[in-house]
Structure formats: C-alpha cells, structure tokens
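The data block below is data-v4.txt; it holds compact mmCIF, C-alpha atoms.
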```txt
# COMPACT_ATOMS: atom_id res chain seq x y z
CA MET A 6 18.55 -34.59 69.88
CA ASP A 7 20.53 -33.49 72.94
CA LEU A 8 22.54 -30.42 71.89
CA SER A 9 23.22 -29.24 75.44
CA THR A 10 26.62 -27.94 76.46
CA THR A 11 28.33 -26.07 79.28
CA TYR A 12 30.14 -22.80 78.65
CA MET A 13 31.64 -20.47 81.30
CA GLY A 14 29.86 -22.58 83.87
CA PHE A 15 26.44 -21.97 82.30
CA LYS A 16 24.40 -24.96 81.15
CA LEU A 17 23.07 -24.13 77.69
CA ASP A 18 20.46 -25.90 75.55
CA HIS A 19 22.81 -25.75 72.56
CA PRO A 20 26.22 -24.23 71.71
CA LEU A 21 25.13 -21.55 69.22
CA ILE A 22 25.58 -18.13 70.78
CA PRO A 23 25.06 -14.74 69.10
CA GLY A 24 28.51 -13.20 69.43
CA ALA A 25 29.39 -9.59 70.08
CA SER A 26 27.67 -7.37 67.52
CA PRO A 27 25.59 -4.18 67.14
CA LEU A 28 22.43 -6.33 67.27
CA VAL A 29 22.33 -5.88 71.05
CA ASP A 30 21.90 -2.12 70.70
CA ASN A 31 18.28 -2.75 69.68
CA LEU A 32 16.08 -4.44 72.27
CA GLU A 33 13.75 -5.77 69.60
CA ASN A 34 16.67 -7.59 67.98
CA VAL A 35 17.75 -8.96 71.35
CA LYS A 36 14.28 -10.39 71.89
CA ARG A 37 14.28 -11.84 68.38
CA LEU A 38 17.58 -13.57 69.17
CA GLU A 39 16.09 -15.16 72.27
CA ASP A 40 12.95 -16.15 70.34
CA ALA A 41 15.23 -17.82 67.77
CA GLY A 42 16.66 -19.92 70.59
CA ALA A 43 19.75 -17.99 71.69
CA PRO A 44 20.91 -19.63 74.94
CA MET A 45 23.07 -16.61 75.83
CA ILE A 46 23.45 -13.00 74.73
CA VAL A 47 26.95 -11.56 74.25
CA MET A 48 27.17 -7.78 74.06
CA HIS A 49 29.69 -5.90 71.95
CA SER A 50 32.63 -4.33 73.74
CA LEU A 51 32.66 -1.24 75.88
CA PHE A 52 35.98 0.41 74.96
CA GLU A 53 38.02 2.22 77.56
CA GLU A 54 38.66 4.84 74.88
CA GLN A 55 34.94 5.65 74.98
CA ILE A 56 35.20 6.59 78.63
CA VAL A 57 38.41 8.58 78.08
CA ASN A 58 36.87 10.27 75.07
CA GLU A 59 33.71 11.25 76.90
CA GLU A 60 35.76 12.69 79.75
CA LEU A 61 37.92 14.65 77.31
CA TYR A 62 34.85 15.87 75.45
CA PHE A 63 33.14 16.97 78.68
CA THR A 64 36.24 18.79 79.96
CA HIS A 65 36.82 20.38 76.58
CA ALA A 66 33.23 21.65 76.45
CA LEU A 67 33.57 23.24 79.90
CA GLU A 68 36.98 24.80 79.41
CA GLN A 69 37.21 25.65 75.71
CA GLY A 70 33.74 26.09 74.28
CA ASP A 71 32.20 24.49 71.22
CA SER A 72 34.15 26.45 68.64
CA SER A 73 37.66 25.42 69.71
CA THR A 74 39.41 22.12 69.39
CA SER A 75 42.72 20.43 70.02
CA GLU A 76 44.70 17.57 68.56
CA ALA A 77 44.35 15.64 71.83
CA THR A 78 40.56 15.64 71.84
CA ASN A 79 40.37 14.86 68.15
CA TYR A 80 42.53 11.77 68.52
CA PHE A 81 39.48 9.66 69.42
CA PRO A 82 36.07 9.71 67.69
CA TRP A 83 33.49 12.01 69.22
CA PRO A 84 31.05 10.31 71.62
CA SER A 85 28.28 10.46 69.03
CA GLU A 86 30.25 8.04 66.84
CA PHE A 87 29.70 5.23 69.36
CA ALA A 88 26.25 3.63 69.27
CA LEU A 89 26.18 3.35 73.06
CA GLY A 90 28.05 5.63 75.42
CA VAL A 91 29.29 4.45 78.80
CA ASP A 92 26.14 5.15 80.78
CA GLU A 93 23.96 3.87 77.94
CA TYR A 94 25.98 0.65 77.77
CA LEU A 95 25.53 -0.02 81.47
CA GLU A 96 21.83 0.83 81.22
CA GLN A 97 21.49 -1.46 78.20
CA ILE A 98 22.75 -4.38 80.30
CA ALA A 99 19.93 -3.76 82.76
CA ARG A 100 17.36 -3.36 79.97
CA ILE A 101 18.39 -6.62 78.30
CA LYS A 102 18.27 -8.45 81.62
CA LEU A 103 14.66 -7.37 82.00
CA ILE A 104 13.47 -8.82 78.68
CA VAL A 105 15.42 -12.09 78.39
CA SER A 106 15.71 -15.16 80.60
CA VAL A 107 19.14 -16.26 79.33
CA PRO A 108 22.59 -15.21 80.63
CA VAL A 109 23.82 -11.82 79.44
CA ILE A 110 27.58 -11.54 78.90
CA ALA A 111 29.03 -8.04 78.66
CA SER A 112 32.30 -7.31 76.88
CA LEU A 113 35.11 -4.97 77.82
CA ASN A 114 38.08 -3.75 75.82
CA GLY A 115 40.46 -1.80 78.04
CA THR A 116 43.89 -0.29 77.61
CA THR A 117 45.10 0.20 81.19
CA GLU A 118 44.92 -2.05 84.24
CA GLY A 119 43.06 0.59 86.23
CA GLY A 120 40.57 1.07 83.42
CA TRP A 121 39.90 -2.65 83.12
CA LEU A 122 39.26 -2.98 86.84
CA ALA A 123 37.06 0.08 87.23
CA TYR A 124 34.76 -0.67 84.33
CA ALA A 125 34.66 -4.42 84.95
CA GLY A 126 33.26 -3.61 88.38
CA MET A 127 30.67 -1.25 86.88
CA ILE A 128 29.60 -3.94 84.43
CA GLU A 129 29.13 -6.47 87.24
CA GLN A 130 27.13 -3.95 89.26
CA ALA A 131 24.93 -3.27 86.22
CA GLY A 132 23.77 -6.89 86.36
CA ALA A 133 25.79 -8.73 83.74
CA ASP A 134 25.94 -12.49 84.30
CA GLY A 135 29.48 -12.72 82.93
CA LEU A 136 32.21 -10.71 81.25
CA GLU A 137 34.17 -11.29 78.07
CA LEU A 138 37.55 -9.56 78.10
CA ASN A 139 38.35 -8.49 74.58
CA ILE A 140 42.17 -8.57 74.44
CA TYR A 141 42.71 -6.42 71.37
CA ASP A 142 46.34 -5.37 71.54
CA VAL A 143 48.30 -4.69 68.38
CA ALA A 144 51.96 -5.01 69.35
CA ALA A 145 53.24 -2.18 67.16
CA ASP A 146 56.08 -0.96 69.38
CA PRO A 147 59.34 -2.51 68.09
CA SER A 148 61.01 -1.92 71.45
CA GLU A 149 58.49 -4.11 73.30
CA THR A 150 59.21 -7.82 73.46
CA GLY A 151 56.68 -10.61 73.09
CA GLU A 152 57.27 -11.51 76.72
CA GLN A 153 56.35 -7.98 77.78
CA VAL A 154 53.17 -8.02 75.69
CA GLU A 155 52.08 -11.32 77.24
CA ALA A 156 52.99 -10.24 80.76
CA ARG A 157 50.88 -7.08 80.42
CA ALA A 158 47.88 -9.05 79.20
CA LEU A 159 48.23 -11.61 81.99
CA ARG A 160 48.40 -8.88 84.64
CA VAL A 161 45.15 -7.41 83.38
CA ILE A 162 43.40 -10.76 83.08
CA ARG A 163 44.49 -11.87 86.55
CA ALA A 164 43.48 -8.58 88.14
CA VAL A 165 40.03 -8.59 86.54
CA ARG A 166 39.40 -12.26 87.35
CA ASP A 167 40.36 -11.71 90.99
CA SER A 168 38.13 -8.63 91.31
CA LEU A 169 34.87 -10.14 90.02
CA SER A 170 32.46 -12.77 91.28
CA ILE A 171 30.87 -13.37 87.86
CA PRO A 172 32.43 -15.74 85.27
CA VAL A 173 35.06 -14.30 82.93
CA ALA A 174 36.03 -15.35 79.40
CA VAL A 175 39.03 -14.00 77.51
CA LYS A 176 38.84 -13.33 73.78
CA LEU A 177 42.33 -13.96 72.41
CA SER A 178 44.13 -13.15 69.22
CA PRO A 179 46.10 -15.88 67.40
CA PHE A 180 49.31 -13.86 67.16
CA TYR A 181 51.19 -14.83 70.30
CA SER A 182 54.55 -16.45 69.60
CA SER A 183 53.59 -19.59 71.54
CA MET A 184 49.82 -19.73 71.45
CA SER A 185 49.53 -22.99 73.41
CA HIS A 186 51.75 -21.73 76.23
CA PHE A 187 49.97 -18.38 76.46
CA ALA A 188 46.54 -20.04 76.44
CA LYS A 189 47.70 -22.27 79.28
CA GLU A 190 48.92 -19.25 81.26
CA VAL A 191 45.59 -17.47 80.72
CA ASP A 192 43.78 -20.64 81.80
CA GLU A 193 45.81 -20.72 85.01
CA THR A 194 44.48 -17.27 86.01
CA GLY A 195 41.17 -19.01 86.71
CA VAL A 196 39.07 -17.61 83.87
CA GLU A 197 36.06 -19.68 82.84
CA GLY A 198 36.36 -19.40 79.07
CA LEU A 199 38.75 -18.86 76.16
CA VAL A 200 37.30 -17.41 72.95
CA LEU A 201 39.20 -18.14 69.72
CA PHE A 202 39.81 -15.74 68.04
CA ASN A 203 39.53 -11.99 68.05
CA ARG A 204 39.47 -10.61 64.52
CA PHE A 205 41.92 -7.78 63.86
CA TYR A 206 40.15 -5.93 61.07
CA GLN A 207 42.72 -5.66 58.32
CA PRO A 208 42.88 -2.25 56.69
CA ASP A 209 42.70 -1.96 52.92
CA ILE A 210 43.43 1.09 50.79
CA ASP A 211 41.02 2.72 48.36
CA ILE A 212 43.53 3.98 45.78
CA GLU A 213 40.96 6.22 44.02
CA HIS A 214 39.70 8.08 47.10
CA LEU A 215 42.94 7.70 49.08
CA GLU A 216 41.14 6.29 52.08
CA VAL A 217 41.79 3.44 54.46
CA VAL A 218 38.81 1.08 54.42
CA ARG A 219 37.94 -2.03 56.39
CA ILE A 220 36.02 -5.20 55.57
CA ASN A 221 34.26 -6.18 58.78
CA LEU A 222 32.32 -9.36 58.05
CA SER A 223 33.93 -12.78 58.26
CA SER A 224 33.85 -15.60 55.73
CA PRO A 225 33.94 -19.39 56.23
CA ALA A 226 37.64 -19.28 55.28
CA ASP A 227 38.31 -17.55 58.62
CA LEU A 228 37.17 -20.71 60.43
CA LEU A 229 40.23 -22.77 59.49
CA LEU A 230 42.61 -21.06 61.90
CA ARG A 231 40.08 -21.48 64.71
CA LEU A 232 39.68 -25.19 63.99
CA ARG A 233 43.41 -25.73 64.21
CA TRP A 234 43.76 -24.15 67.65
CA LEU A 235 40.54 -25.57 69.05
CA ALA A 236 41.84 -29.00 68.11
CA LEU A 237 45.24 -28.30 69.68
CA LEU A 238 43.86 -26.86 72.94
CA HIS A 239 40.96 -29.26 73.53
CA GLY A 240 41.71 -31.28 76.63
CA LYS A 241 44.76 -29.15 77.44
CA VAL A 242 42.99 -26.34 79.32
CA ARG A 243 40.41 -26.32 82.09
CA ALA A 244 38.42 -23.35 80.74
CA SER A 245 35.59 -23.74 78.24
CA LEU A 246 36.54 -23.15 74.61
CA ALA A 247 34.44 -20.99 72.30
CA CYS A 248 34.88 -20.50 68.57
CA THR A 249 34.19 -17.14 66.98
CA GLY A 250 34.90 -16.09 63.40
CA GLY A 251 33.94 -17.86 60.19
CA VAL A 252 30.89 -19.79 61.39
CA HIS A 253 28.19 -19.27 58.75
CA SER A 254 26.37 -22.60 58.61
CA ALA A 255 25.48 -25.74 60.52
CA SER A 256 28.44 -27.56 58.97
CA ASP A 257 30.79 -24.80 60.17
CA ALA A 258 29.42 -25.14 63.69
CA ILE A 259 29.75 -28.94 63.57
CA LYS A 260 33.39 -28.62 62.56
CA ALA A 261 34.06 -26.30 65.49
CA VAL A 262 32.48 -28.71 67.97
CA MET A 263 34.35 -31.66 66.46
CA ALA A 264 37.58 -29.71 66.92
CA GLY A 265 36.74 -29.16 70.58
CA ALA A 266 34.52 -26.08 70.98
CA ASP A 267 32.06 -26.00 73.88
CA ALA A 268 30.31 -22.99 72.34
CA VAL A 269 30.15 -21.44 68.90
CA GLN A 270 29.62 -17.72 68.46
CA ILE A 271 27.90 -16.50 65.30
CA VAL A 272 28.04 -12.85 64.23
CA SER A 273 28.41 -12.07 60.53
CA ALA A 274 25.81 -14.62 59.41
CA LEU A 275 23.25 -13.11 61.79
CA LEU A 276 24.04 -9.60 60.61
CA GLN A 277 23.57 -10.73 57.02
CA ARG A 278 20.51 -12.97 57.47
CA GLY A 279 18.85 -11.73 60.63
CA PRO A 280 18.36 -13.16 64.15
CA SER A 281 16.03 -15.95 63.00
CA TYR A 282 18.93 -17.57 61.13
CA LEU A 283 20.19 -18.86 64.49
CA ARG A 284 17.25 -21.29 64.54
CA THR A 285 18.12 -22.47 61.03
CA VAL A 286 21.68 -23.31 62.08
CA ARG A 287 20.48 -25.10 65.21
CA GLU A 288 18.00 -27.21 63.26
CA GLY A 289 20.69 -28.02 60.72
CA MET A 290 23.03 -29.22 63.44
CA ALA A 291 20.36 -31.40 65.05
CA HIS A 292 19.44 -32.93 61.69
CA TRP A 293 23.07 -33.71 60.83
CA LEU A 294 23.75 -35.37 64.19
CA GLU A 295 20.62 -37.49 63.94
CA GLU A 296 21.37 -38.45 60.34
CA HIS A 297 24.89 -39.57 61.32
CA GLY A 298 23.87 -41.62 64.32
CA TYR A 299 24.87 -39.29 67.16
CA GLU A 300 22.78 -39.23 70.31
CA SER A 301 24.19 -36.01 71.72
CA LEU A 302 26.50 -33.10 71.04
CA ALA A 303 28.80 -34.32 73.81
CA GLN A 304 29.41 -37.52 71.87
CA MET A 305 30.80 -35.48 68.98
CA ARG A 306 32.72 -32.80 70.89
CA GLY A 307 36.47 -33.05 70.41
CA SER A 308 36.21 -36.11 68.18
CA MET A 309 38.58 -34.46 65.69
CA SER A 310 40.87 -32.83 68.25
CA LEU A 311 44.58 -33.53 68.44
CA SER A 312 44.17 -35.74 71.49
CA ARG A 313 41.69 -38.01 69.72
CA CYS A 314 42.91 -37.82 66.14
CA ALA A 315 44.34 -41.01 64.66
CA ASP A 316 46.99 -38.89 62.93
CA PRO A 317 48.04 -36.08 65.31
CA LYS A 318 50.47 -34.80 62.72
CA ALA A 319 47.45 -33.63 60.73
CA TYR A 320 47.53 -30.55 62.94
CA GLU A 321 51.30 -30.21 62.99
CA ARG A 322 54.14 -29.52 60.55
CA ALA A 323 54.04 -32.78 58.61
CA ASN A 324 50.64 -31.95 57.20
CA TYR A 325 51.95 -28.65 55.89
CA MET A 326 54.28 -30.53 53.55
CA ARG A 327 51.52 -32.93 52.47
CA VAL A 328 49.21 -30.04 51.60
CA LEU A 329 51.87 -28.36 49.48
CA GLN A 330 52.67 -31.61 47.69
CA SER A 331 48.98 -32.23 46.98
CA VAL A 332 48.64 -29.02 44.95
CA ARG A 333 48.70 -29.64 41.21
CA PRO A 334 48.79 -27.15 38.32
CA GLY A 335 45.29 -26.24 37.21
CA VAL A 336 43.67 -27.45 40.44
CA LEU A 337 43.49 -24.06 42.16
```
Could you take the file, read its structure, and then write that structure out as structure tokens?
Amino acid sequence: MDLSTTYMGFKLDHPLIPGASPLVDNLENVKRLEDAGAPMIVMHSLFEEQIVNEELYFTHALEQGDSSTSEATNYFPWPSEFALGVDEYLEQIARIKLIVSVPVIASLNGTTEGGWLAYAGMIEQAGADGLELNIYDVAADPSETGEQVEARALRVIRAVRDSLSIPVAVKLSPFYSSMSHFAKEVDETGVEGLVLFNRFYQPDIDIEHLEVVRINLSSPADLLLRLRWLALLHGKVRASLACTGGVHSASDAIKAVMAGADAVQIVSALLQRGPSYLRTVREGMAHWLEEHGYESLAQMRGSMSLSRCADPKAYERANYMRVLQSVRPGVL
C-alpha cells in the first residue's frame, strides 16, 4: 500500500509523524521512533523565556549571590525546571541528526520579533532540517484588538520565513476571529506548512489543595475541531496541512487525511503507549485502505473536505441546526 505523502517539501513514506513531545530529550527514544517507522522527528519547543530566564539567572548569580532573590527573577521557572536548556537544545539537534536518517524539525516558541529571529538562526545553524513556529499567544490584554494580535503574529512569521533557508511550518491556534482569512495570510508569507492546532492547556482548580492543575494529554474528542478546519482549508492554501491533537488510532489518522491533512502528528498516544505504537497505527491505516479498495493515501486525501463534499453545508452553519435537532432525550 502506497502511504507516501509530501509535507513541508519533504517526501515521506507515510503521514504519521511523532509530534513535539519530551520523547526527543532521550536519544534512545528518538531511535526507537525511527525504528518504528517515523518518517520525521519533531522536537518540542525551545521557549524564548528559557533564554531570558537563563540570562536573568546568570546575571543574578553574579551580582546578588545565591542567597538573595527578586520578584523579577522568580517570575519564570529556574533553568533546572526545563528538561533542555538553550545550549542543550541546540546540541540535542546535532545529536539527533547523527543517529537518524529522517528530517529533524526543531520548534521555537518566541515572544519578541528579535528573539524569534535570533534563535531561529541558531536552530538552523545547529543543523535542523526545518522549523516549526509554535504561535502560542493568549490574547489576554483587553486593550489589544484582534487585528493587532494577528498583525504581530504575521510580522514574526514573515520575518522568520525571510531569514531562513530551511522550510518553516506554523503551528496555529483555532481562536482567531476569522480562521480561514488568517490561515490564508500566513500561507501568503511563504511558509511550507500549517499545523492545526496548538493546544492551549486549560487550567483546572484543585479545590482541596487550592492549586491550579493542568491536564496535558489529548483525547480523540479533540480531533473534531481539527477535522472541521482541515476540511475547510484543504485546497484553499498552498502550504502543507498537518493535524495535531486528538489522533490516537488508525481511524483517527484516516479521518484527518480524509479531511485534507498531508501529515498527522501523534503525541499523547505515543507518550501513553510508547514509540512502537507508531508502527501499529501505520499498519492499521494500510490495512484499512487495502480493505476499502484504496490504492494509495493520495487517493483518499481530501475526499471528505469541503471542496469535495457532496453537502458542503455539513461543515457550515446548517449542520449545526441539524445536530441540535437530532438530539433526543435519553440519547446522551
């Protein structure tokens, strides 16, 4: 069965990619991912706050001594709370490149345009084959308009894309006021991939211990939002589309490809079941396609997208009313 696909300009044997996760911090796990058939390795993000924090920590140690502290330096976690510091992250790129034969995509989460540019360049120099920009921006300032939020993101994306020679993908959130328009604007910057979607980890409250807690792993229910926007954007943008969030099985991956995904990132399922589970999902996809008469993944891609759906309204407002009317007491 031909499961080949193209993502960010890379020709891959199949679309199942280990997404950004702590698995890449351990070289043995990275090798296990490749042995399980991973056609690409995506590293977790290097956060600009890590660099700022390390600089603050270093300056603080020189000027104040170990026994003193300040509110400014305590604002961020100490460097030891990050699995990989800045230098270690860049070195890890080089180490991974030495042990695998597949493309290695680094990830960067910045907060300022200068920070994005500086560290994107360092990542390219470290040997990464591509870069995933993790646009994680919670618009919490009530004085800032949606247009301003989008304009800031586009400035960063355009600047990074123009400064690098390696392919760039942008990991988006679903919370822009006009997702289709913003995706199109991001596409027009020349990036090679759009990743749908970033997961904003929703805080919960432990009422007994009075702590804010987070649930980090996804569930298959998270896939539904991704399917909607993959289906809407397929054929409307030049960049490759990747799905991330909620893919836990072969059927989940098949749905994503049917909606229009060129690549499918898997994270939580691999953290729960181990790197070898990637092979299980791949074999499940191949078996399903063969059983249903497909000759290739390309034949299936986008078959359930808006542009090829017999009832385009299934992805628009009319279906919302049908779903509500289909609910009956005692069914849920």
Measure the distance from CA of Gln153 in chain A to CA of Trp234 in chain A in Å and round it to one decimal.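 Result for CA of Gln153 in chain A versus CA of Trp234 in chain A: 22.9 Å, one decimal.
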Nearest residue to Leu95 in chain A from the set A:His186, A:Arg204, A:His49, A:Lys260 (distances using only C-alpha atoms): A:His49
Kindly give the distance, in Å, that separates CA of Leu302 in chain A and CA of His253 in chain A, rounded to a single decimal.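 We find that CA of Leu302 in chain A and CA of His253 in chain A lie 18.6 Å from each other.
Look at range 242-249 of chain A: the protein and nucleic acid residues within 7 Å of it, using all atoms listed in the file and passing over chain neighbours fewer than 6 places away, are Tyr12, Met13, Lys189, Asp192, Val196, Glu197, Gly198, Leu199, Val200, Leu201, Phe202, Arg231, Ala261, Ala266, Asp267, Ala268, Val269, Gln270 and Ile271 of chain A.
Residue neighbourhood of Ala99 in chain A, excluding near-sequence residues (fewer than 6 positions): Ala131, Gly132 and Ala133 of chain A, at 8 Å, using all atoms listed in the file.
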Quick one: distance from CA of Met184 in chain A to CA of Val154 in chain A in Å, one decimal?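 Separating CA of Met184 in chain A from CA of Val154 in chain A is a distance of 12.9 Å.
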Give the answer as one residue: which of A:Val107, A:Gly119, A:Leu222, A:Gly289 has the shortest atom-to-atom distance to Leu17 in chain A, using all atoms listed in the file?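 The answer is A:Val107, which sits nearest to Leu17 in chain A.
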Pick the closest to Ser106 in chain A from A:Glu155, A:Glu190, A:Asp134, A:Asp30: which is it, counting all atoms listed in the file?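 When distances to Ser106 in chain A are compared using all atoms listed in the file, the smallest one comes from A:Asp134.
Residue nearest Pro172 in chain A, chosen from A:Glu137, A:Asp18, A:Asp40, A:Glu93 and counting only C-alpha atoms: A:Glu137.
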Which neighbours of Leu51 in chain A fall inside 10 Å, counting all atoms listed in the file, when residues of the same chain fewer than 5 positions from it are skipped, and could you give them as a list of chain:residue names? A:Ile56, A:Phe87, A:Leu89, A:Gly90, A:Val91, A:Tyr94, A:Leu95, A:Ala111, A:Ser112, A:Leu113, A:Asn114, A:Gly115, A:Tyr124, A:Ala125, A:Ile128, A:Leu138, A:Asn139
Which residue, A:Arg287, A:Arg157, A:Arg163, A:Arg313, has the smallest gap to Val175 in chain A when you use only C-alpha atoms?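 Closest to Val175 in chain A of all the choices is A:Arg163.
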List the neighbours of Glu39 in chain A out to 9 Å using only C-alpha atoms; skip same-chain residues closer than 4 positions along the sequence, and give me the result as a list in words. Asn34, Val35, Ala43, Pro44, Met45, Ile46, Val105, Ser106, Val107 and Pro280 of chain A
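Minimum atom-to-atom distance to Met263 in chain A, evaluated using only C-alpha atoms, belongs to A:His239 out of A:Arg37, A:His292, A:His239, A:Lys176.
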